[in-house]
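Student: Contents are compact mmCIF, C-alpha atoms; file name model-v6.txt:
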```txt
# COMPACT_ATOMS: atom_id res chain seq x y z
CA MET A 1 -11.79 -6.99 -23.44
CA ALA A 2 -12.33 -6.62 -19.68
CA GLN A 3 -10.09 -4.27 -17.72
CA TYR A 4 -8.22 -5.79 -14.80
CA HIS A 5 -6.61 -4.22 -11.78
CA HIS A 6 -2.91 -4.71 -11.22
CA SER A 7 -0.62 -4.10 -8.27
CA LEU A 8 2.66 -3.71 -10.17
CA ARG A 9 4.09 -0.74 -12.06
CA PHE A 10 7.10 -0.85 -14.39
CA ASP A 11 9.42 2.13 -13.81
CA VAL A 12 10.83 2.89 -17.27
CA ASP A 13 13.47 5.22 -15.83
CA ARG A 14 15.05 2.35 -13.88
CA CYS A 15 14.55 -0.40 -16.46
CA ASP A 16 17.51 -1.21 -18.73
CA GLY A 17 15.77 -3.96 -20.71
CA CYS A 18 17.80 -6.82 -19.22
CA MET A 19 14.95 -9.32 -19.85
CA SER A 20 15.14 -10.89 -16.36
CA CYS A 21 11.45 -10.18 -15.70
CA MET A 22 10.45 -11.44 -19.15
CA ARG A 23 12.16 -14.78 -18.56
CA ALA A 24 10.73 -15.17 -15.05
CA CYS A 25 7.09 -14.42 -15.89
CA PRO A 26 5.02 -17.66 -15.75
CA THR A 27 2.27 -16.39 -18.05
CA ALA A 28 4.37 -14.67 -20.77
CA ALA A 29 3.00 -11.29 -19.68
CA VAL A 30 6.21 -9.28 -20.22
CA ARG A 31 7.82 -8.00 -23.42
CA VAL A 32 10.94 -5.91 -23.88
CA ARG A 33 10.31 -3.23 -26.50
CA LYS A 34 12.57 -0.34 -27.36
CA GLY A 35 14.86 -1.38 -24.54
CA ARG A 36 12.21 -1.29 -21.81
CA ALA A 37 9.98 -3.90 -20.17
CA VAL A 38 6.26 -3.72 -21.00
CA LYS A 39 3.44 -5.57 -19.21
CA LEU A 40 0.57 -7.27 -21.07
CA ALA A 41 -2.32 -6.55 -18.72
CA ASP A 42 -4.56 -9.45 -19.75
CA ARG A 43 -1.83 -12.02 -19.01
CA CYS A 44 -0.41 -10.59 -15.76
CA ILE A 45 -1.42 -12.47 -12.59
CA ASP A 46 0.46 -10.14 -10.18
CA CYS A 47 2.57 -12.99 -8.82
CA GLY A 48 5.56 -10.73 -8.16
CA GLU A 49 8.10 -13.05 -9.81
CA CYS A 50 9.31 -10.04 -11.79
CA ILE A 51 9.92 -8.13 -8.55
CA ARG A 52 12.13 -10.94 -7.25
CA VAL A 53 14.43 -11.05 -10.26
CA CYS A 54 14.66 -7.39 -11.34
CA PRO A 55 18.24 -6.23 -10.55
CA HIS A 56 17.33 -2.55 -10.73
CA ALA A 57 14.17 -2.40 -8.57
CA ALA A 58 12.32 -1.21 -11.68
CA ILE A 59 9.08 -3.01 -10.76
CA VAL A 60 7.17 -1.24 -8.02
CA PRO A 61 4.33 -2.78 -5.96
CA LEU A 62 1.36 -0.43 -5.67
CA THR A 63 0.66 -0.84 -1.97
CA ASP A 64 -0.58 1.92 0.31
CA GLN A 65 1.62 3.75 2.78
CA MET A 66 0.64 4.54 6.36
CA SER A 67 0.10 8.17 5.34
CA ASP A 68 -2.60 7.01 2.89
CA LEU A 69 -4.71 5.58 5.72
CA SER A 70 -5.71 8.93 7.19
CA LYS A 71 -9.01 8.75 5.27
CA PHE A 72 -10.24 6.18 7.81
CA GLU A 73 -11.47 7.30 11.23
CA CYS A 74 -10.52 3.92 12.67
CA LYS A 75 -7.68 1.80 11.29
CA LEU A 76 -7.67 -1.96 11.88
CA ALA A 77 -4.53 -3.96 11.10
CA ILE A 78 -5.11 -7.49 9.80
CA PRO A 79 -1.59 -8.98 9.75
CA SER A 80 -0.75 -11.99 7.62
CA PRO A 81 0.66 -14.78 9.81
CA ALA A 82 3.78 -14.47 7.63
CA LEU A 83 4.53 -11.18 9.42
CA TYR A 84 5.42 -12.99 12.66
CA ALA A 85 8.05 -15.07 10.86
CA GLN A 86 9.96 -11.92 9.86
CA PHE A 87 11.06 -11.52 13.48
CA ASP A 88 13.04 -13.79 15.79
CA SER A 89 10.93 -16.51 17.38
CA GLU A 90 11.35 -14.77 20.76
CA ILE A 91 9.17 -11.93 19.43
CA PHE A 92 5.61 -13.04 20.16
CA PRO A 93 2.55 -11.93 18.18
CA SER A 94 1.34 -9.95 21.19
CA MET A 95 4.46 -7.77 20.99
CA ILE A 96 3.92 -7.22 17.26
CA PHE A 97 0.29 -6.28 17.91
CA ALA A 98 1.38 -3.69 20.46
CA ALA A 99 3.98 -2.35 18.03
CA LEU A 100 1.40 -2.06 15.25
CA LYS A 101 -0.67 0.16 17.53
CA GLN A 102 2.39 2.33 18.11
CA CYS A 103 2.73 2.61 14.32
CA GLY A 104 -0.69 4.24 14.04
CA PHE A 105 -3.27 1.46 13.98
CA ASP A 106 -6.21 1.75 16.37
CA ASP A 107 -6.59 -2.00 16.78
CA VAL A 108 -5.21 -5.30 15.51
CA GLU A 109 -7.15 -8.43 14.57
CA SER A 110 -5.46 -11.82 14.70
CA VAL A 111 -6.17 -14.01 11.69
CA SER A 112 -5.71 -17.24 13.69
CA PRO A 113 -9.36 -17.67 14.76
CA ALA A 114 -10.44 -17.22 11.15
CA CYS A 115 -7.74 -19.64 9.96
CA ASP A 116 -9.06 -22.32 12.28
CA ALA A 117 -12.65 -21.53 11.35
CA VAL A 118 -11.89 -21.68 7.61
CA SER A 119 -10.13 -25.02 8.13
CA ILE A 120 -13.35 -26.37 9.67
CA ALA A 121 -15.47 -24.84 6.88
CA THR A 122 -13.17 -26.45 4.30
CA GLU A 123 -13.56 -29.84 5.97
CA ILE A 124 -17.35 -29.50 5.92
CA PHE A 125 -17.38 -28.52 2.27
CA LEU A 126 -15.06 -31.35 1.23
CA ASN A 127 -17.06 -33.93 3.19
CA GLU A 128 -20.28 -32.84 1.46
CA TYR A 129 -18.86 -32.19 -2.01
CA ARG A 130 -19.91 -34.57 -4.76
CA GLY A 131 -18.40 -32.91 -7.83
CA GLN A 132 -15.24 -33.45 -9.81
CA TYR A 133 -11.94 -33.94 -7.98
CA PRO A 134 -9.46 -32.69 -7.04
CA LEU A 135 -10.50 -29.36 -5.58
CA ILE A 136 -7.87 -26.60 -5.56
CA SER A 137 -7.36 -24.27 -2.60
CA SER A 138 -8.62 -20.74 -3.21
CA PHE A 139 -6.58 -18.90 -0.59
CA CYS A 140 -3.64 -17.85 -2.79
CA PRO A 141 -4.99 -15.17 -5.18
CA THR A 142 -2.06 -15.68 -7.56
CA VAL A 143 -3.05 -19.32 -8.04
CA VAL A 144 -6.68 -18.30 -8.59
CA ARG A 145 -5.64 -15.82 -11.28
CA LEU A 146 -3.26 -18.35 -12.83
CA LEU A 147 -6.20 -20.75 -13.17
CA GLN A 148 -8.41 -18.03 -14.64
CA VAL A 149 -5.79 -17.06 -17.23
CA LYS A 150 -4.00 -20.30 -18.10
CA TYR A 151 -6.34 -23.12 -17.01
CA PRO A 152 -9.90 -21.81 -17.50
CA GLU A 153 -11.32 -25.34 -17.71
CA LEU A 154 -10.19 -25.95 -14.09
CA VAL A 155 -11.82 -22.83 -12.61
CA ASP A 156 -14.89 -24.79 -11.51
CA GLN A 157 -12.64 -26.94 -9.30
CA ILE A 158 -11.50 -24.00 -7.16
CA LEU A 159 -12.66 -24.38 -3.55
CA PRO A 160 -15.43 -21.74 -3.03
CA VAL A 161 -14.46 -21.00 0.60
CA LEU A 162 -13.47 -17.46 1.63
CA ALA A 163 -9.90 -16.75 2.75
CA PRO A 164 -9.25 -16.20 6.47
CA ARG A 165 -8.17 -12.59 5.86
CA GLU A 166 -11.67 -11.82 4.56
CA ILE A 167 -13.38 -13.50 7.52
CA SER A 168 -11.11 -11.64 9.97
CA ALA A 169 -11.75 -8.28 8.33
CA ARG A 170 -15.52 -8.80 8.28
CA ASP A 171 -15.73 -9.84 11.93
CA ALA A 172 -13.33 -7.12 13.10
CA LYS A 173 -15.27 -4.36 11.36
CA ILE A 174 -18.57 -5.57 12.80
CA ARG A 175 -17.10 -5.72 16.30
CA LYS A 176 -15.35 -2.34 16.02
CA SER A 177 -18.46 -0.68 14.63
CA LYS A 178 -20.39 -1.81 17.71
CA GLU A 179 -17.62 -0.61 20.02
CA THR A 180 -17.16 2.84 18.46
CA GLY A 181 -20.55 3.56 16.91
CA LEU A 182 -18.82 4.26 13.59
CA PRO A 183 -20.40 2.89 10.40
CA PRO A 184 -18.31 0.10 8.83
CA GLU A 185 -17.42 2.26 5.81
CA ARG A 186 -15.49 4.64 8.08
CA ILE A 187 -13.47 1.78 9.54
CA GLY A 188 -10.49 0.74 7.43
CA ALA A 189 -9.45 -2.92 7.50
CA VAL A 190 -5.80 -2.91 6.38
CA TYR A 191 -4.11 -6.17 5.40
CA ILE A 192 -0.40 -6.41 6.17
CA THR A 193 0.50 -8.34 3.03
CA PRO A 194 3.46 -10.51 2.02
CA CYS A 195 2.68 -10.31 -1.72
CA PRO A 196 1.14 -8.00 -4.36
CA ALA A 197 -1.57 -10.47 -5.40
CA LYS A 198 -3.47 -9.86 -2.15
CA ILE A 199 -3.76 -6.20 -3.15
CA VAL A 200 -5.49 -7.12 -6.41
CA ALA A 201 -7.73 -9.57 -4.54
CA ILE A 202 -9.00 -6.61 -2.50
CA LEU A 203 -9.67 -4.54 -5.62
CA GLU A 204 -11.25 -7.28 -7.72
CA HIS A 205 -12.55 -9.50 -4.86
CA PRO A 206 -12.99 -12.70 -6.93
CA GLY A 207 -15.94 -14.77 -5.75
CA MET A 208 -17.33 -11.87 -3.68
CA GLN A 209 -19.55 -8.90 -4.35
CA TYR A 210 -17.06 -6.78 -2.39
CA SER A 211 -14.01 -7.32 -0.22
CA ASN A 212 -14.19 -6.86 3.54
CA LEU A 213 -10.64 -5.48 3.36
CA ASP A 214 -10.19 -1.88 2.31
CA THR A 215 -6.51 -1.71 1.44
CA ALA A 216 -3.12 -3.29 2.03
CA VAL A 217 0.32 -2.27 3.29
CA SER A 218 3.30 -4.44 2.40
CA ILE A 219 5.40 -6.13 5.07
CA SER A 220 8.57 -4.78 3.44
CA ASP A 221 7.34 -1.16 3.52
CA LEU A 222 6.22 -1.39 7.14
CA PHE A 223 9.00 -3.54 8.53
CA GLN A 224 11.61 -0.94 9.45
CA THR A 225 9.13 1.23 11.34
CA LEU A 226 7.52 -1.81 12.93
CA ALA A 227 10.88 -3.31 14.02
CA ALA A 228 11.76 -0.06 15.80
CA ALA A 229 8.39 -0.11 17.56
CA VAL A 230 8.88 -3.77 18.55
CA SER A 231 12.20 -2.82 20.19
CA LYS A 232 10.41 -0.23 22.32
CA VAL A 233 7.77 -2.77 23.28
CA GLN A 234 10.51 -5.16 24.40
CA GLU A 235 12.31 -2.49 26.40
CA ALA A 236 9.12 -1.63 28.22
CA GLU A 237 8.37 -5.35 28.75
CA TYR A 238 4.91 -4.64 27.44
CA ARG A 239 2.63 -7.62 26.99
CA ILE A 240 -0.95 -7.97 25.84
CA ASP A 241 -3.13 -11.02 25.46
CA ALA A 242 -3.49 -12.16 21.85
CA THR A 243 -5.76 -14.69 20.26
CA GLU A 244 -3.18 -16.74 18.42
CA SER A 245 -2.62 -20.42 17.75
CA ALA A 246 -0.05 -22.78 16.31
CA SER A 247 -2.56 -24.02 13.73
CA GLY A 248 -3.31 -20.45 12.65
CA LEU A 249 0.38 -19.73 12.20
CA SER A 250 0.69 -22.81 9.99
CA TRP A 251 -1.21 -20.91 7.28
CA ALA A 252 1.99 -18.94 6.68
CA PHE A 253 3.86 -21.86 5.14
CA LEU A 254 3.53 -25.05 3.15
CA GLY A 255 1.80 -28.20 4.35
CA ARG A 256 -1.56 -27.26 5.89
CA PHE A 257 -4.15 -29.94 5.13
CA PRO A 258 -7.78 -30.33 6.20
CA ARG A 259 -7.55 -32.58 9.26
CA SER A 260 -10.40 -34.82 8.13
CA LEU A 261 -8.63 -35.91 4.94
CA PRO A 262 -6.00 -38.66 4.88
CA ALA A 263 -2.60 -37.55 3.59
CA GLU A 264 -2.80 -39.87 0.59
CA ASN A 265 -5.82 -37.90 -0.70
CA THR A 266 -4.11 -34.50 -0.56
CA LEU A 267 -1.21 -32.70 -2.18
CA SER A 268 0.66 -29.60 -1.06
CA VAL A 269 2.75 -27.66 -3.56
CA ALA A 270 4.59 -24.33 -3.48
CA GLY A 271 6.41 -22.24 -6.06
CA LEU A 272 4.86 -21.30 -9.39
CA PRO A 273 6.90 -23.71 -11.55
CA ASN A 274 5.79 -26.59 -9.31
CA VAL A 275 2.18 -25.37 -9.21
CA ILE A 276 2.13 -25.16 -13.01
CA ARG A 277 3.43 -28.74 -13.30
CA ILE A 278 0.67 -29.97 -10.99
CA LEU A 279 -2.01 -28.02 -12.87
CA ASP A 280 -0.69 -29.40 -16.17
CA ASP A 281 -1.17 -32.89 -14.73
CA MET A 282 -4.66 -31.98 -13.55
CA GLU A 283 -5.53 -30.69 -16.99
CA LYS A 284 -4.51 -34.07 -18.41
CA GLY A 285 -6.70 -35.91 -15.88
CA ARG A 286 -3.82 -37.54 -14.02
CA LEU A 287 -4.65 -36.52 -10.42
CA ARG A 288 -8.28 -37.57 -9.99
CA LYS A 289 -7.50 -39.83 -7.04
CA TYR A 290 -6.70 -36.73 -4.98
CA ARG A 291 -9.47 -34.79 -3.28
CA TYR A 292 -7.69 -31.57 -2.38
CA ILE A 293 -4.60 -29.74 -3.62
CA GLU A 294 -3.14 -26.93 -1.54
CA CYS A 295 -1.31 -24.51 -3.86
CA HIS A 296 1.01 -21.65 -2.93
CA ALA A 297 2.53 -19.45 -5.62
CA CYS A 298 5.46 -18.47 -3.42
CA SER A 299 8.29 -20.71 -2.32
CA GLU A 300 7.56 -22.20 1.13
CA GLY A 301 4.15 -20.50 1.16
CA CYS A 302 3.32 -16.95 2.26
CA VAL A 303 6.60 -16.63 4.17
CA GLY A 304 8.19 -16.63 0.70
CA GLY A 305 6.17 -13.66 -0.60
CA CYS A 306 8.12 -11.09 -2.58
CA LEU A 307 7.04 -8.30 -0.19
CA THR A 308 8.59 -9.97 2.86
CA VAL A 309 12.10 -9.23 4.19
CA GLU A 310 13.33 -12.54 5.59
CA ASN A 311 14.74 -15.50 3.67
CA PRO A 312 11.73 -17.83 3.22
CA TYR A 313 13.54 -20.89 4.58
CA LEU A 314 14.71 -19.02 7.67
CA ALA A 315 11.22 -17.56 8.08
CA ARG A 316 9.65 -21.00 7.95
CA GLY A 317 12.09 -22.21 10.61
CA LYS A 318 11.22 -19.25 12.82
CA ALA A 319 7.50 -19.88 12.37
CA ILE A 320 7.87 -23.55 13.33
CA LYS A 321 9.85 -22.59 16.45
CA LEU A 322 7.27 -19.93 17.36
CA GLN A 323 4.50 -22.54 17.01
CA GLN A 324 5.96 -24.41 19.99
CA SER A 325 5.10 -21.42 22.19
CA LEU A 326 1.51 -21.11 21.00
CA PRO A 327 -1.62 -23.12 21.87
CA ALA A 328 -1.66 -26.28 19.77
CA GLY A 329 -5.41 -26.88 19.52
CA CYS A 330 -8.08 -25.29 17.38
CA ILE A 331 -9.26 -22.01 18.92
CA ALA A 332 -12.48 -21.83 16.89
CA ASP A 333 -15.72 -23.30 18.23
CA ARG A 334 -16.72 -26.03 15.78
CA HIS A 335 -20.46 -25.75 16.51
CA GLU A 336 -20.43 -21.98 15.96
CA VAL A 337 -18.43 -22.37 12.75
CA GLU A 338 -20.78 -25.02 11.40
CA ALA A 339 -23.81 -22.85 12.18
CA ALA A 340 -22.16 -19.89 10.40
CA TYR A 341 -21.25 -22.16 7.50
CA ARG A 342 -24.90 -23.20 7.13
CA ARG A 343 -25.79 -19.51 6.98
CA GLY A 344 -23.38 -19.15 4.05
CA GLU A 345 -20.90 -16.96 5.93
CA PHE A 346 -17.84 -18.89 4.72
CA LEU A 347 -18.73 -19.39 1.07
CA MET A 348 -18.18 -17.18 -1.95
CA ASP A 349 -21.34 -15.48 -3.12
CA GLU A 350 -20.34 -15.23 -6.79
CA ASN A 351 -19.09 -17.78 -9.27
CA LEU A 352 -15.47 -17.51 -10.34
CA ALA A 353 -15.07 -16.92 -14.06
CA SER A 354 -12.16 -17.40 -16.42
CA ARG A 355 -10.19 -14.40 -17.62
CA PRO A 356 -10.10 -14.66 -21.42
CA LEU A 357 -6.91 -13.54 -23.10
CA ARG A 358 -7.09 -11.04 -25.92
CA PRO A 359 -8.09 -12.86 -29.15
CA LEU A 360 -6.04 -12.53 -32.32
CA ASP A 361 -9.05 -10.70 -33.74
CA GLU A 362 -12.65 -10.04 -32.71
CA ASP A 363 -13.79 -11.25 -36.14
CA ILE A 364 -13.65 -15.05 -36.12
CA SER A 365 -12.67 -15.36 -39.81
CA LYS A 366 -9.86 -12.85 -39.38
CA ALA A 367 -8.75 -14.60 -36.20
CA ILE A 368 -8.49 -17.90 -38.08
CA ALA A 369 -6.46 -16.22 -40.84
CA LYS A 370 -4.12 -14.69 -38.24
CA MET A 371 -3.78 -18.03 -36.52
CA LYS A 372 -2.62 -19.59 -39.80
CA GLU A 373 -0.22 -16.67 -40.33
CA ARG A 374 1.13 -17.10 -36.80
CA ASP A 375 1.69 -20.81 -37.35
CA GLN A 376 3.49 -20.12 -40.64
CA ILE A 377 5.77 -17.58 -38.97
CA LEU A 378 6.41 -20.02 -36.13
CA ALA A 379 7.35 -22.74 -38.62
CA ASP A 380 10.00 -20.40 -40.08
CA LEU A 381 11.46 -19.59 -36.63
CA PRO A 382 14.27 -21.62 -35.02
CA ASN A 383 12.10 -22.33 -31.93
CA ILE A 384 14.99 -21.91 -29.50
CA ASP A 385 13.21 -19.22 -27.42
CA CYS A 386 16.35 -17.09 -27.14
CA GLY A 387 14.40 -13.96 -26.18
CA ALA A 388 16.57 -11.62 -28.27
CA CYS A 389 13.43 -10.35 -30.01
CA GLY A 390 12.02 -9.11 -26.71
CA ALA A 391 9.42 -11.90 -26.43
CA PRO A 392 9.78 -14.87 -24.05
CA SER A 393 9.29 -17.51 -26.75
CA CYS A 394 9.13 -17.95 -30.49
CA HIS A 395 5.39 -18.66 -30.18
CA ALA A 396 4.85 -15.39 -28.30
CA PHE A 397 6.91 -13.52 -30.90
CA ALA A 398 4.92 -14.98 -33.80
CA GLU A 399 1.72 -13.91 -32.08
CA ASP A 400 3.09 -10.41 -31.49
CA VAL A 401 3.90 -10.14 -35.21
CA VAL A 402 0.39 -11.02 -36.38
CA LEU A 403 -1.05 -8.61 -33.81
CA GLY A 404 1.11 -5.85 -35.28
CA GLU A 405 3.10 -5.37 -32.09
CA ALA A 406 6.44 -6.60 -33.44
CA GLU A 407 8.25 -6.74 -36.77
CA LYS A 408 9.57 -9.99 -38.19
CA ASP A 409 13.09 -8.60 -38.50
CA SER A 410 13.14 -8.15 -34.69
CA CYS A 411 14.12 -11.82 -34.74
CA ILE A 412 17.86 -11.96 -35.41
CA PHE A 413 17.39 -15.14 -37.47
CA PHE A 414 14.82 -13.50 -39.73
CA PHE A 415 17.02 -10.42 -39.93
CA GLN A 416 20.09 -12.49 -40.78
CA ARG A 417 18.16 -14.43 -43.41
CA GLU A 418 16.81 -11.26 -45.02
CA LEU A 419 20.24 -9.64 -44.86
CA THR A 420 21.80 -12.67 -46.57
CA GLU A 421 19.11 -12.58 -49.28
CA ARG A 422 19.67 -8.86 -49.87
CA ILE A 423 23.43 -9.36 -50.07
CA GLU A 424 22.93 -12.14 -52.62
CA GLN A 425 20.55 -9.93 -54.60
CA LEU A 426 23.06 -7.10 -54.50
CA ALA A 427 25.87 -9.45 -55.59
CA THR A 428 23.72 -10.71 -58.46
CA LEU A 429 23.01 -7.12 -59.49
CA VAL A 430 26.70 -6.21 -59.36
CA ARG A 431 27.64 -9.23 -61.47
CA ALA A 432 24.96 -8.31 -64.01
CA GLN A 433 26.24 -4.74 -64.20
CA LYS A 434 29.81 -5.95 -64.70
CA GLN A 435 28.70 -8.18 -67.55
CA THR A 436 26.80 -5.27 -69.13
CA ILE A 437 29.81 -2.97 -68.84
CA GLY A 438 32.09 -5.70 -70.21
CA GLY A 439 29.83 -6.16 -73.20
CA LEU A 440 29.89 -2.43 -73.96
CA THR A 441 33.67 -2.36 -73.96
```
Output the structure of this file as structure tokens.

Tutor:
Amino acid sequence: MAQYHHSLRFDVDRCDGCMSCMRACPTAAVRVRKGRAVKLADRCIDCGECIRVCPHAAIVPLTDQMSDLSKFECKLAIPSPALYAQFDSEIFPSMIFAALKQCGFDDVESVSPACDAVSIATEIFLNEYRGQYPLISSFCPTVVRLLQVKYPELVDQILPVLAPREISARDAKIRKSKETGLPPERIGAVYITPCPAKIVAILEHPGMQYSNLDTAVSISDLFQTLAAAVSKVQEAEYRIDATESASGLSWAFLGRFPRSLPAENTLSVAGLPNVIRILDDMEKGRLRKYRYIECHACSEGCVGGCLTVENPYLARGKAIKLQQSLPAGCIADRHEVEAAYRRGEFLMDENLASRPLRPLDEDISKAIAKMKERDQILADLPNIDCGACGAPSCHAFAEDVVLGEAEKDSCIFFFQRELTERIEQLATLVRAQKQTIGGLT
């Protein structure tokens, strides 16, 4: 079984086994055993839903801290557009860029030019594509991993266009290397991320031989320091020119479509439960009239990431208000983008593969036998998915039993049934002994 990177750690000292994370996990990747939450690595898609619901902060995102970036001679910040929406709309990106430099970054690269360029590249690809529809956006790494784990037959319908953050990091490192004379490997491209899935995308770089990003710092970890630096920038009335656009900012929230496609041929969906419903429909062949589906794992898009600090609905409102102050048109040169697209600079260079879950057994005959055993156990269960056994569903519990990771009497219904049977056996034995004693007297 392949080993996968993950960006979440369960802190057993803080966990009290409340089962909130187990119930929230969309891929049944959490169990509660011996009173503590346990992650099943092959099922986890690093969506961060467990972080949202844990009442004890027992799930820790494994992002880097600013102190960890000292290994780079030059540090480039690549902020997610969702970062701007964490501040009031009167705080412009240029102020945030200046504040990031005060926080220790040597330079900042706006993602907006890459967002506009990737939008053009997506339009070109969709106009030339002749395969099976609909195509699914590839820019949310949680959705990509969800497809790999839960919908492997749909993996070939993932749009093979690189995310703007990767394009920005690549171009920024090339430019900075020319400016400083430093080799690219000594320049650190640091993504300011709203979610843990982006961290794993850097480590595993699906669809790429390597990521152009080197590491990530979460918005929530950086925010307090950054907000203090923004206040100083405001007091000094410091302004710098920034390459930013309203269309680039729109990548932070729901509803960004390729401009060349009519609305009736596209869908936009956010929030994992909604994404799963759409993918279920795709799996059943119900959505073939659509050409493109934009999927966000987080509510309202990236502004709803679990590593942000602002309410996602307020953040979306702030982003929309900020858009009114930014240039409305596309800031990427279409001819340059098309030429780069023809050179393959916007496309993934590796095929995406499914992520197979652990089989019941490596031996096919034993796996079949365990499957039958699982189904028999499941038939004896009440199928109410109460979770008292520490598994999210009766099906998951039955599978855990045949894998040797749970005992049948962990189910209170099995336990009650066995207890009743033992009591009846004991009562029968007592009655028999009484009859024997009575006969002797």

Student: Do you know which residues are at most 7 Å from segment 227-236 of chain A counting all atoms listed in the file, after dropping those on the same chain fewer than 2 positions away, and could you put them as an NGL selection string?

Tutor: :A and (95-96 or 99 or 102 or 223-225 or 238)

Student: Smallest atom-to-atom distance to Tyr4 of chain A: which of A:Asp46, A:Glu264, A:Glu399, A:Glu90, using only C-alpha atoms?

Tutor: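 So, comparing all the options, the nearest one is A:Asp46.
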
Student: Excluding Asn311 of chain A and any residue of its chain fewer than 3 positions from it, enumerate the residues within 12 Å of it, using all atoms listed in the file, and give them as a VMD selection string.

Tutor: chain A and resid 82 85 to 87 299 to 308 314 to 318

Student: Could you tell me how far atom CA of Met22 of chain A lies from atom CA of Val38 of chain A, in Å and to one decimal?

Tutor: 9.0 Å

Student: Sorted by chain and rising residue number, list the residues of segment 89-203 of chain A at most 7 Å from segment 64-79 of chain A (counting only C-alpha atoms), each with its closest atom pair and distance in Å to one decimal, as JSON lines.

Tutor:
```
{"residue": "A:Phe105", "atom": "CA", "partner": "A:Lys75", "partner_atom": "CA", "distance": 5.2}
{"residue": "A:Asp106", "atom": "CA", "partner": "A:Lys75", "partner_atom": "CA", "distance": 5.3}
{"residue": "A:Asp107", "atom": "CA", "partner": "A:Leu76", "partner_atom": "CA", "distance": 5.0}
{"residue": "A:Val108", "atom": "CA", "partner": "A:Ala77", "partner_atom": "CA", "distance": 4.7}
{"residue": "A:Glu109", "atom": "CA", "partner": "A:Ile78", "partner_atom": "CA", "distance": 5.3}
{"residue": "A:Ser110", "atom": "CA", "partner": "A:Ile78", "partner_atom": "CA", "distance": 6.5}
{"residue": "A:Val111", "atom": "CA", "partner": "A:Ile78", "partner_atom": "CA", "distance": 6.9}
{"residue": "A:Ala169", "atom": "CA", "partner": "A:Ile78", "partner_atom": "CA", "distance": 6.8}
{"residue": "A:Arg186", "atom": "CA", "partner": "A:Phe72", "partner_atom": "CA", "distance": 5.5}
{"residue": "A:Ile187", "atom": "CA", "partner": "A:Cys74", "partner_atom": "CA", "distance": 4.8}
{"residue": "A:Gly188", "atom": "CA", "partner": "A:Lys75", "partner_atom": "CA", "distance": 4.9}
{"residue": "A:Ala189", "atom": "CA", "partner": "A:Leu76", "partner_atom": "CA", "distance": 4.8}
{"residue": "A:Val190", "atom": "CA", "partner": "A:Ala77", "partner_atom": "CA", "distance": 5.0}
{"residue": "A:Tyr191", "atom": "CA", "partner": "A:Ile78", "partner_atom": "CA", "distance": 4.7}
{"residue": "A:Ile192", "atom": "CA", "partner": "A:Pro79", "partner_atom": "CA", "distance": 4.6}
```

Student: Could you tell me how far atom CA of Ser80 of chain A lies from atom CA of Arg145 of chain A, in Å and to one decimal?

Tutor: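 One can read the atom CA of Ser80 of chain A to atom CA of Arg145 of chain A distance as 19.9 Å.
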
Student: One decimal, Å: what's the distance from atom CA of Asp349 of chain A over to atom CA of Met208 of chain A, could you say?

Tutor: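 Atom-to-atom, atom CA of Asp349 of chain A to atom CA of Met208 of chain A, that is 5.4 Å.
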
Student: Set the distance at 12 Å and use only C-alpha atoms: which residues neighbour Ala163 of chain A once local chain neighbours fewer than 5 positions away are removed? I'd like the list as number ranges by chain.

Tutor: A: 80, 111-112, 114-119, 121-122, 137-141, 144, 168-170, 198, 201-202, 205-208, 211-213, 251, 345-348

Student: Using only C-alpha atoms and a cutoff of 7 Å, can you tell me which residues are near (-11.0, -35.2, -6.9) in the file's coordinates, and write them out as a ChimeraX atom specification?

Tutor: /A:132-135,288-292

Student: Would you mind listing what lies within 9 Å of Cys25 of chain A as an mmCIF file with C-alpha atoms, in the frame of the given file, with only C-alpha atoms counted and same-chain residues fewer than 3 positions away left out?

Tutor:
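This is the output file around-v4.cif:
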```cif
data_model
loop_
_atom_site.group_PDB
_atom_site.id
_atom_site.type_symbol
_atom_site.label_atom_id
_atom_site.label_comp_id
_atom_site.auth_asym_id
_atom_site.auth_seq_id
_atom_site.Cartn_x
_atom_site.Cartn_y
_atom_site.Cartn_z
ATOM 1 C CA SER A 20 15.140 -10.890 -16.360
ATOM 2 C CA CYS A 21 11.450 -10.180 -15.700
ATOM 3 C CA MET A 22 10.450 -11.440 -19.150
ATOM 4 C CA ALA A 28 4.370 -14.670 -20.770
ATOM 5 C CA ALA A 29 3.000 -11.290 -19.680
ATOM 6 C CA VAL A 30 6.210 -9.280 -20.220
ATOM 7 C CA CYS A 44 -0.410 -10.590 -15.760
ATOM 8 C CA CYS A 47 2.570 -12.990 -8.820
ATOM 9 C CA GLY A 48 5.560 -10.730 -8.160
ATOM 10 C CA GLU A 49 8.100 -13.050 -9.810
ATOM 11 C CA CYS A 50 9.310 -10.040 -11.790
ATOM 12 C CA PRO A 392 9.780 -14.870 -24.050
#
```

Student: When you look at Arg277 of chain A with a cut-off of 12 Å (counting all atoms listed in the file), what residues show up, excluding the ones that are within fewer than 4 positions of it in the same chain? I need them as a PyMOL selection string.

Tutor: chain A and resi 26+151+269-273+281-284+286-287+295

Student: Nearest to Arg23 of chain A among A:Gly387, A:Pro312, A:Pro55, A:Gly181, with distances taken over all atoms listed in the file: which residue is it?

Tutor: A:Gly387

Student: Please give the centre and size of the box around segment 24-38 of chain A (axis-aligned, containing every atom listed in the file, 5 Å added per side), with values in Å to one decimal and written as JSON.

Tutor:
```
{"center_x": 8.6, "center_y": -9.0, "center_z": -21.2, "size_x": 22.6, "size_y": 27.3, "size_z": 22.3}
```

Student: Within 10 Å of (13.3, -1.5, -25.3), in the coordinates the file gives, what residues turn up when you count only C-alpha atoms, written out as a list in words?

Tutor: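 Every polymer residue passing the test: Val12, Cys15, Asp16, Gly17, Cys18, Met19, Arg31, Val32, Arg33, Lys34, Gly35, Arg36, Ala37, Val38 and Gly390 of chain A.
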